[in-house]
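Engineer: As input, take target-v6.cif (mmCIF, C-alpha atoms):
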data_start
#
loop_
_atom_site.group_PDB
_atom_site.id
_atom_site.type_symbol
_atom_site.label_atom_id
_atom_site.label_comp_id
_atom_site.auth_asym_id
_atom_site.auth_seq_id
_atom_site.Cartn_x
_atom_site.Cartn_y
_atom_site.Cartn_z
ATOM 1 C CA MET A 265 62.574 -30.432 29.000
ATOM 2 C CA LYS A 266 66.182 -30.246 27.918
ATOM 3 C CA ASP A 267 67.295 -32.288 30.937
ATOM 4 C CA LEU A 268 64.467 -34.791 30.370
ATOM 5 C CA LYS A 269 65.510 -35.238 26.726
ATOM 6 C CA LYS A 270 69.138 -35.592 27.753
ATOM 7 C CA TYR A 271 68.254 -38.243 30.292
ATOM 8 C CA SER A 272 66.100 -40.055 27.747
ATOM 9 C CA ASN A 273 68.955 -40.198 25.248
ATOM 10 C CA LYS A 274 71.287 -41.584 27.884
ATOM 11 C CA THR A 275 68.710 -44.186 28.843
ATOM 12 C CA LYS A 276 68.443 -45.256 25.206
ATOM 13 C CA ALA A 277 72.233 -45.441 25.004
ATOM 14 C CA ALA A 278 72.278 -47.587 28.131
ATOM 15 C CA PHE A 279 69.753 -50.030 26.700
ATOM 16 C CA ILE A 280 71.757 -50.255 23.481
ATOM 17 C CA LEU A 281 74.848 -51.037 25.560
ATOM 18 C CA LEU A 282 72.891 -53.742 27.375
ATOM 19 C CA ILE A 283 71.957 -55.338 24.065
ATOM 20 C CA VAL A 284 75.597 -55.178 22.924
ATOM 21 C CA MET A 285 76.676 -56.746 26.210
ATOM 22 C CA LEU A 286 74.186 -59.570 25.735
ATOM 23 C CA LEU A 287 75.501 -60.235 22.210
ATOM 24 C CA ILE A 288 79.090 -60.238 23.470
ATOM 25 C CA LEU A 289 78.119 -62.609 26.269
ATOM 26 C CA LEU A 290 76.507 -65.026 23.827
ATOM 27 C CA GLY A 291 79.516 -64.765 21.520
ATOM 28 C CA ASN A 292 81.844 -65.398 24.450
ATOM 29 C CA PHE A 293 79.933 -68.511 25.488
ATOM 30 C CA ASN A 294 79.941 -69.816 21.907
ATOM 31 C CA THR A 295 83.663 -69.111 21.484
ATOM 32 C CA LEU A 296 84.611 -70.905 24.686
ATOM 33 C CA GLN A 297 82.407 -73.908 23.838
ATOM 34 C CA ASN A 298 83.927 -74.177 20.349
ATOM 35 C CA SER A 299 87.399 -73.864 21.803
ATOM 36 C CA LYS A 300 86.720 -76.625 24.303
ATOM 37 C CA ASN A 301 85.199 -78.953 21.713
ATOM 38 C CA VAL A 302 87.937 -78.377 19.112
ATOM 39 C CA ASN A 303 90.681 -78.969 21.639
ATOM 40 C CA LYS A 304 88.964 -82.107 22.943
ATOM 41 C CA ASN A 305 88.370 -83.577 19.483
ATOM 42 C CA ILE A 306 91.872 -82.918 18.165
ATOM 43 C CA ASN A 307 93.477 -84.329 21.281
ATOM 44 C CA GLU A 308 91.325 -87.439 20.943
ATOM 45 C CA ILE A 309 92.634 -87.837 17.383
ATOM 46 C CA TYR A 310 96.193 -87.481 18.654
ATOM 47 C CA LYS A 311 95.569 -90.116 21.326
ATOM 48 C CA ASP A 312 94.169 -92.354 18.591
ATOM 49 C CA ARG A 313 97.474 -91.900 16.760
ATOM 50 C CA LEU A 314 99.292 -93.204 19.798
ATOM 51 C CA VAL A 315 97.198 -96.355 19.434
ATOM 52 C CA VAL A 316 98.200 -96.433 15.758
ATOM 53 C CA ALA A 317 101.871 -96.255 16.793
ATOM 54 C CA HIS A 318 101.326 -99.438 18.818
ATOM 55 C CA TYR A 319 99.773 -101.168 15.806
ATOM 56 C CA ILE A 320 102.685 -100.073 13.608
ATOM 57 C CA PHE A 321 105.094 -101.595 16.126
ATOM 58 C CA GLN A 322 103.160 -104.879 15.966
ATOM 59 C CA TYR A 323 103.161 -104.792 12.156
ATOM 60 C CA SER A 324 106.899 -104.224 12.145
ATOM 61 C CA LYS A 325 107.580 -107.100 14.531
ATOM 62 C CA GLU A 326 105.495 -109.582 12.504
ATOM 63 C CA LEU A 327 106.881 -108.483 9.121
ATOM 64 C CA HIS A 328 110.454 -108.775 10.380
ATOM 65 C CA PHE A 329 109.620 -112.294 11.509
ATOM 66 C CA ILE A 330 108.191 -113.217 8.083
ATOM 67 C CA LYS A 331 111.261 -111.799 6.326
ATOM 68 C CA ALA A 332 113.616 -113.689 8.637
ATOM 69 C CA GLU A 333 111.709 -116.965 8.190
ATOM 70 C CA ALA A 334 111.642 -116.610 4.400
ATOM 71 C CA GLU A 335 115.409 -116.048 4.313
ATOM 72 C CA LYS A 336 116.277 -119.092 6.457
ATOM 73 C CA LEU A 337 117.996 -121.767 4.401
ATOM 74 C CA ASP A 338 117.966 -124.512 7.041
ATOM 75 C CA LEU A 339 114.190 -124.499 7.507
ATOM 76 C CA SER A 340 111.853 -126.820 5.652
ATOM 77 C CA ASP A 341 109.277 -125.367 3.274
ATOM 78 C CA ASN A 342 106.354 -126.752 5.260
ATOM 79 C CA ILE A 343 107.536 -125.203 8.536
ATOM 80 C CA LYS A 344 108.172 -121.880 6.777
ATOM 81 C CA LYS A 345 104.721 -122.003 5.245
ATOM 82 C CA ASP A 346 102.945 -122.807 8.524
ATOM 83 C CA GLU A 347 104.775 -120.136 10.506
ATOM 84 C CA ILE A 348 104.295 -117.426 7.881
ATOM 85 C CA ILE A 349 100.579 -118.267 7.489
ATOM 86 C CA HIS A 350 100.176 -118.034 11.285
ATOM 87 C CA THR A 351 102.002 -114.688 11.337
ATOM 88 C CA LEU A 352 99.859 -113.382 8.484
ATOM 89 C CA SER A 353 96.718 -114.213 10.488
ATOM 90 C CA ILE A 354 98.067 -112.010 13.289
ATOM 91 C CA ILE A 355 98.722 -109.238 10.763
ATOM 92 C CA HIS A 356 95.186 -109.496 9.395
ATOM 93 C CA ASN A 357 93.810 -109.056 12.915
ATOM 94 C CA ILE A 358 95.882 -105.880 13.224
ATOM 95 C CA ASP A 359 94.498 -104.751 9.837
ATOM 96 C CA ASP A 360 90.965 -104.703 11.225
ATOM 97 C CA LEU A 361 91.983 -102.707 14.308
ATOM 98 C CA TYR A 362 94.094 -100.249 12.319
ATOM 99 C CA ALA A 363 91.289 -99.607 9.831
ATOM 100 C CA LYS A 364 89.029 -98.440 12.678
ATOM 101 C CA THR A 365 91.419 -95.660 13.720
ATOM 102 C CA VAL A 366 91.345 -92.071 12.445
ATOM 103 C CA LEU A 367 93.423 -91.873 9.258
ATOM 104 C CA THR A 368 94.101 -88.933 6.975
ATOM 105 C CA ASN A 369 93.869 -89.436 3.207
ATOM 106 C CA LYS A 370 97.657 -89.676 2.918
ATOM 107 C CA GLU A 371 97.854 -92.244 5.708
ATOM 108 C CA LYS A 372 95.055 -94.279 4.142
ATOM 109 C CA GLN A 373 96.954 -94.276 0.851
ATOM 110 C CA TYR A 374 100.061 -95.788 2.488
ATOM 111 C CA PHE A 375 97.927 -98.162 4.540
ATOM 112 C CA ASP A 376 96.365 -99.490 1.322
ATOM 113 C CA ILE A 377 99.858 -100.065 -0.104
ATOM 114 C CA LEU A 378 100.761 -101.988 3.053
ATOM 115 C CA LEU A 379 97.633 -104.137 2.734
ATOM 116 C CA SER A 380 98.470 -104.893 -0.901
ATOM 117 C CA SER A 381 101.973 -106.064 0.053
ATOM 118 C CA CYS A 382 100.557 -108.354 2.748
ATOM 119 C CA LYS A 383 98.001 -109.811 0.325
ATOM 120 C CA GLU A 384 100.756 -110.466 -2.177
ATOM 121 C CA ILE A 385 102.766 -112.251 0.533
ATOM 122 C CA ASP A 386 99.672 -114.403 1.115
ATOM 123 C CA LYS A 387 99.665 -115.434 -2.540
ATOM 124 C CA GLN A 388 103.375 -116.173 -2.645
ATOM 125 C CA VAL A 389 103.215 -118.452 0.417
ATOM 126 C CA ALA A 390 101.180 -120.981 -1.579
ATOM 127 C CA ASN A 391 103.899 -120.974 -4.263
ATOM 128 C CA LYS A 392 106.647 -121.214 -1.626
ATOM 129 C CA ASN A 393 108.410 -118.330 -3.337
ATOM 130 C CA TRP A 394 110.559 -117.397 -0.339
ATOM 131 C CA SER A 395 112.800 -114.877 -2.093
ATOM 132 C CA LYS A 396 109.745 -112.996 -3.331
ATOM 133 C CA ILE A 397 108.216 -113.104 0.148
ATOM 134 C CA ALA A 398 111.431 -111.691 1.652
ATOM 135 C CA SER A 399 111.397 -108.890 -0.936
ATOM 136 C CA LEU A 400 107.716 -108.111 -0.318
ATOM 137 C CA SER A 401 108.311 -108.080 3.441
ATOM 138 C CA HIS A 402 111.124 -105.574 2.943
ATOM 139 C CA ASP A 403 108.848 -103.365 0.818
ATOM 140 C CA ALA A 404 106.094 -103.590 3.419
ATOM 141 C CA LEU A 405 108.516 -102.549 6.161
ATOM 142 C CA THR A 406 109.620 -99.549 4.078
ATOM 143 C CA THR A 407 105.979 -98.535 3.564
ATOM 144 C CA LEU A 408 105.379 -99.011 7.271
ATOM 145 C CA GLU A 409 108.280 -96.706 8.144
ATOM 146 C CA SER A 410 106.896 -94.003 5.831
ATOM 147 C CA LEU A 411 103.432 -94.469 7.326
ATOM 148 C CA SER A 412 104.854 -94.108 10.808
ATOM 149 C CA GLN A 413 106.598 -90.833 9.949
ATOM 150 C CA ILE A 414 103.477 -89.441 8.284
ATOM 151 C CA GLN A 415 101.187 -90.250 11.179
ATOM 152 C CA ILE A 416 103.622 -88.741 13.715
ATOM 153 C CA GLN A 417 104.095 -85.535 11.708
ATOM 154 C CA GLU A 418 100.390 -85.089 11.027
ATOM 155 C CA GLY A 419 99.539 -85.876 14.629
ATOM 156 C CA LYS A 420 101.936 -83.193 15.863
ATOM 157 C CA ALA A 421 100.636 -80.709 13.267
ATOM 158 C CA LYS A 422 97.026 -81.296 14.300
ATOM 159 C CA LEU A 423 97.907 -80.959 17.981
ATOM 160 C CA ALA A 424 99.813 -77.708 17.345
ATOM 161 C CA SER A 425 96.873 -76.377 15.312
ATOM 162 C CA ALA A 426 94.439 -77.312 18.067
ATOM 163 C CA ASN A 427 96.538 -75.609 20.727
ATOM 164 C CA ALA A 428 96.834 -72.471 18.578
ATOM 165 C CA MET A 429 93.058 -72.364 18.050
ATOM 166 C CA TYR A 430 92.495 -72.982 21.733
ATOM 167 C CA SER A 431 94.828 -70.113 22.726
ATOM 168 C CA LYS A 432 93.246 -67.780 20.163
ATOM 169 C CA ASN A 433 89.734 -68.543 21.375
ATOM 170 C CA ASN A 434 90.807 -68.095 24.982
ATOM 171 C CA SER A 435 92.331 -64.692 24.202
ATOM 172 C CA LEU A 436 89.170 -63.662 22.356
ATOM 173 C CA GLY A 437 87.065 -64.853 25.261
ATOM 174 C CA GLN A 438 89.115 -62.828 27.741
ATOM 175 C CA LEU A 439 88.817 -59.724 25.523
ATOM 176 C CA GLN A 440 85.058 -60.173 25.373
ATOM 177 C CA ILE A 441 84.890 -60.463 29.153
ATOM 178 C CA ALA A 442 86.943 -57.259 29.507
ATOM 179 C CA LEU A 443 84.552 -55.467 27.142
ATOM 180 C CA LEU A 444 81.616 -56.730 29.162
ATOM 181 C CA ILE A 445 83.098 -55.272 32.344
ATOM 182 C CA ILE A 446 83.737 -51.890 30.653
ATOM 183 C CA LEU A 447 80.286 -51.752 29.089
ATOM 184 C CA GLY A 448 78.721 -52.857 32.362
ATOM 185 C CA GLY A 449 80.438 -49.974 34.142
ATOM 186 C CA ILE A 450 79.235 -47.474 31.526
ATOM 187 C CA THR A 451 75.684 -48.837 31.705
ATOM 188 C CA PHE A 452 75.708 -48.685 35.501
ATOM 189 C CA TYR A 453 76.874 -45.082 35.335
ATOM 190 C CA LEU A 454 74.195 -44.089 32.814
ATOM 191 C CA LEU A 455 71.285 -45.847 34.492
ATOM 192 C CA ILE A 456 72.102 -45.634 38.205
ATOM 193 C CA VAL A 457 74.653 -42.958 39.023
ATOM 194 C CA LYS A 458 73.121 -40.318 36.751
ATOM 195 C CA LYS A 459 69.686 -41.081 38.143
ATOM 196 C CA ILE A 460 70.939 -40.724 41.711
ATOM 197 C CA LYS A 461 72.605 -37.406 40.878
ATOM 198 C CA ARG A 462 69.402 -36.092 39.353
ATOM 199 C CA SER A 463 67.437 -37.112 42.466
ATOM 200 C CA ILE A 464 69.635 -35.077 44.826
ATOM 201 C CA LYS A 465 68.309 -31.537 45.300
ATOM 202 C CA ILE A 466 70.771 -28.849 46.211
ATOM 203 C CA PRO A 467 69.214 -26.692 48.954
ATOM 204 C CA GLU A 468 68.885 -23.022 48.161
ATOM 205 C CA PRO A 469 70.807 -20.610 50.343
ATOM 206 C CA PRO A 470 68.654 -18.876 53.019
ATOM 207 C CA SER A 471 67.103 -15.613 51.968
ATOM 208 C CA MET A 472 68.638 -12.513 53.471
ATOM 209 C CA ASN A 473 65.288 -10.742 53.345
#
Written as structure tokens, how would this file's structure read?

Structural biologist:
Amino acid sequence: MKDLKKYSNKTKAAFILLIVMLLILLGNFNTLQNSKNVNKNINEIYKDRLVVAHYIFQYSKELHFIKAEAEKLDLSDNIKKDEIIHTLSIIHNIDDLYAKTVLTNKEKQYFDILLSSCKEIDKQVANKNWSKIASLSHDALTTLESLSQIQIQEGKAKLASANAMYSKNNSLGQLQIALLIILGGITFYLLIVKKIKRSIKIPEPPSMN
């Protein structure tokens, strides 16, 4: 009876270990899935920022052109007006594309400032206020430079954070797998090896009588 009770307790312990193993397995699967999704999403945001960098380059090129045209003294007002209006239409097309990208609150704040400067340039073109347009273009370029630095820094920070989370989840996943192997070995020992040992009968020595 003592051996039967002992075996029963070990069987219960083995089943408890099996339940723990199942929970660890589910946790491991969930951890690895989260790690994969987080890493994928953050890297997609970073790639989106590379697209933003291209838009910023286009903004910069067009704003430099507007500033240069506004500062030209040997160009007629009508030509200046036509060329700046055409350039502003290109900028407005970039506005729509840029607005569809992933922007943090800080980036959106600077982007709104940039839009305001461009709208003000629009108004000043009608008045042919070239000095004001040159000044606004300079301000817009300064805002654009700040926006560029912010988006690069935040992109790198998000990528570093994603990689850190990915590494942490991977380490946790590997630890969980190691625990599963250990618990599996203990369970195998309790359920199989012990049972086999109990099934083996040691023959009694021959009687001398």

Engineer: Given the file shown, enumerate the residues that the PyMOL selection byres ((chain A and resi 370) around 10) captures and present them as a compact mmCIF listing (two decimals) with C-alpha atoms, in the frame of the given file.

Structural biologist:
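And here is the file that came out, part27.txt:
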# COMPACT_ATOMS: atom_id res chain seq x y z
CA LEU A 367 93.42 -91.87 9.26
CA THR A 368 94.10 -88.93 6.98
CA ASN A 369 93.87 -89.44 3.21
CA GLU A 371 97.85 -92.24 5.71
CA LYS A 372 95.06 -94.28 4.14
CA GLN A 373 96.95 -94.28 0.85
CA TYR A 374 100.06 -95.79 2.49
CA PHE A 375 97.93 -98.16 4.54
CA LEU A 411 103.43 -94.47 7.33
CA ILE A 414 103.48 -89.44 8.28
CA GLN A 415 101.19 -90.25 11.18
CA GLU A 418 100.39 -85.09 11.03

Engineer: If you apply the PyMOL selection byres ((chain A and resi 425) around 12) to this file, what residues do you get, as a ChimeraX atom specification?

Structural biologist: /A:299,302-303,305-307,310,418-424,426-432

Engineer: Taking all atoms of range 348-360 of chain A that appear in the file, build a box with edges along x, y and z, extend it by 5 Å on every side, and state its centre and edge lengths in Å to one decimal, as AutoDock Vina command-line options.

Structural biologist:
--center_x 97.6 --center_y -111.5 --center_z 10.4 --size_x 23.3 --size_y 23.6 --size_z 15.8

Engineer: Using only C-alpha atoms for the distances, tell me which of A:Thr406, A:Asn342, A:Gln413, A:Ser401 is nearest to Asp386 in chain A.

Structural biologist: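 Checking each candidate against Asp386 in chain A, we get A:Ser401 as the closest.
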
Engineer: Using all atoms listed in the file, can you list as a count of residues only the residues within 10 Å of (106.9, -106.2, 0.3)?

Structural biologist: 23

Engineer: So which one's closest to Lys387 in chain A, A:Ile358, A:Leu289, A:Leu352, A:Leu337? Using only C-alpha atoms, please.

Structural biologist: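 The answer is A:Leu352, which sits nearest to Lys387 in chain A.
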
Engineer: In Å, how far is it from CA of Asn393 in chain A to CA of His350 in chain A?

Structural biologist: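 Between CA of Asn393 in chain A and CA of His350 in chain A the gap is 16.8 Å.
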
Engineer: With all atoms listed in the file as the basis for distance, which of A:Asn391, A:Ser324, A:Gln440, A:Thr451 is at the shortest distance from Thr351 in chain A?

Structural biologist: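 Looking only at the distances to Thr351 in chain A, the closest residue turns out to be A:Ser324.
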
Engineer: Of the candidates A:Asp341, A:Glu333, A:Glu347, A:Asp359, which one gets nearest to Tyr319 in chain A if we count only C-alpha atoms?

Structural biologist: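 Ranked by minimum distance to Tyr319 in chain A, first place goes to A:Asp359.
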
Engineer: Give as an MDAnalysis selection string the residues that the PyMOL selection byres ((chain A and resi 321) around 12) matches when applied to the coordinates above.

Structural biologist: chainID A and resid 314:320 322:328 355 358 362 405 408:409 411:412

Engineer: Just to confirm, what's the straight-line distance from CA of Met285 in chain A to CA of Gly437 in chain A in Å (one decimal)?

Structural biologist: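 Between these atoms lies a distance of 13.2 Å.
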
Engineer: Between A:Val389, A:Ile288, A:Ser410, A:Leu281, which has the minimum distance to Ala442 in chain A (counting all atoms listed in the file)?

Structural biologist: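 When distances to Ala442 in chain A are compared using all atoms listed in the file, the smallest one comes from A:Ile288.
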
Engineer: Give me, please, the distance in Å between CA of Ala332 in chain A and CA of Ile348 in chain A, quoted to one decimal.

Structural biologist: 10.1 Å

Engineer: Between A:Ser435, A:Val366, A:Glu335, A:His356, which has the minimum distance to Lys392 in chain A (counting all atoms listed in the file)?

Structural biologist: A:Glu335

Engineer: What lies within 12 Å of Leu286 in chain A using all atoms listed in the file, ignoring chain neighbours under 3 positions off, as number ranges by chain?

Structural biologist: A: 279-283, 289-293, 440-441, 443-445, 447-448

Engineer: May I have the selected residues written with C-alpha atoms, as a PDB file, in the frame of the given file?

Structural biologist:
ATOM      1  CA  PHE A 279      69.753 -50.030  26.700  1.00  0.00           C
ATOM      2  CA  ILE A 280      71.757 -50.255  23.481  1.00  0.00           C
ATOM      3  CA  LEU A 281      74.848 -51.037  25.560  1.00  0.00           C
ATOM      4  CA  LEU A 282      72.891 -53.742  27.375  1.00  0.00           C
ATOM      5  CA  ILE A 283      71.957 -55.338  24.065  1.00  0.00           C
ATOM      6  CA  LEU A 289      78.119 -62.609  26.269  1.00  0.00           C
ATOM      7  CA  LEU A 290      76.507 -65.026  23.827  1.00  0.00           C
ATOM      8  CA  GLY A 291      79.516 -64.765  21.520  1.00  0.00           C
ATOM      9  CA  ASN A 292      81.844 -65.398  24.450  1.00  0.00           C
ATOM     10  CA  PHE A 293      79.933 -68.511  25.488  1.00  0.00           C
ATOM     11  CA  GLN A 440      85.058 -60.173  25.373  1.00  0.00           C
ATOM     12  CA  ILE A 441      84.890 -60.463  29.153  1.00  0.00           C
ATOM     13  CA  LEU A 443      84.552 -55.467  27.142  1.00  0.00           C
ATOM     14  CA  LEU A 444      81.616 -56.730  29.162  1.00  0.00           C
ATOM     15  CA  ILE A 445      83.098 -55.272  32.344  1.00  0.00           C
ATOM     16  CA  LEU A 447      80.286 -51.752  29.089  1.00  0.00           C
ATOM     17  CA  GLY A 448      78.721 -52.857  32.362  1.00  0.00           C
TER      18      GLY A 448
END
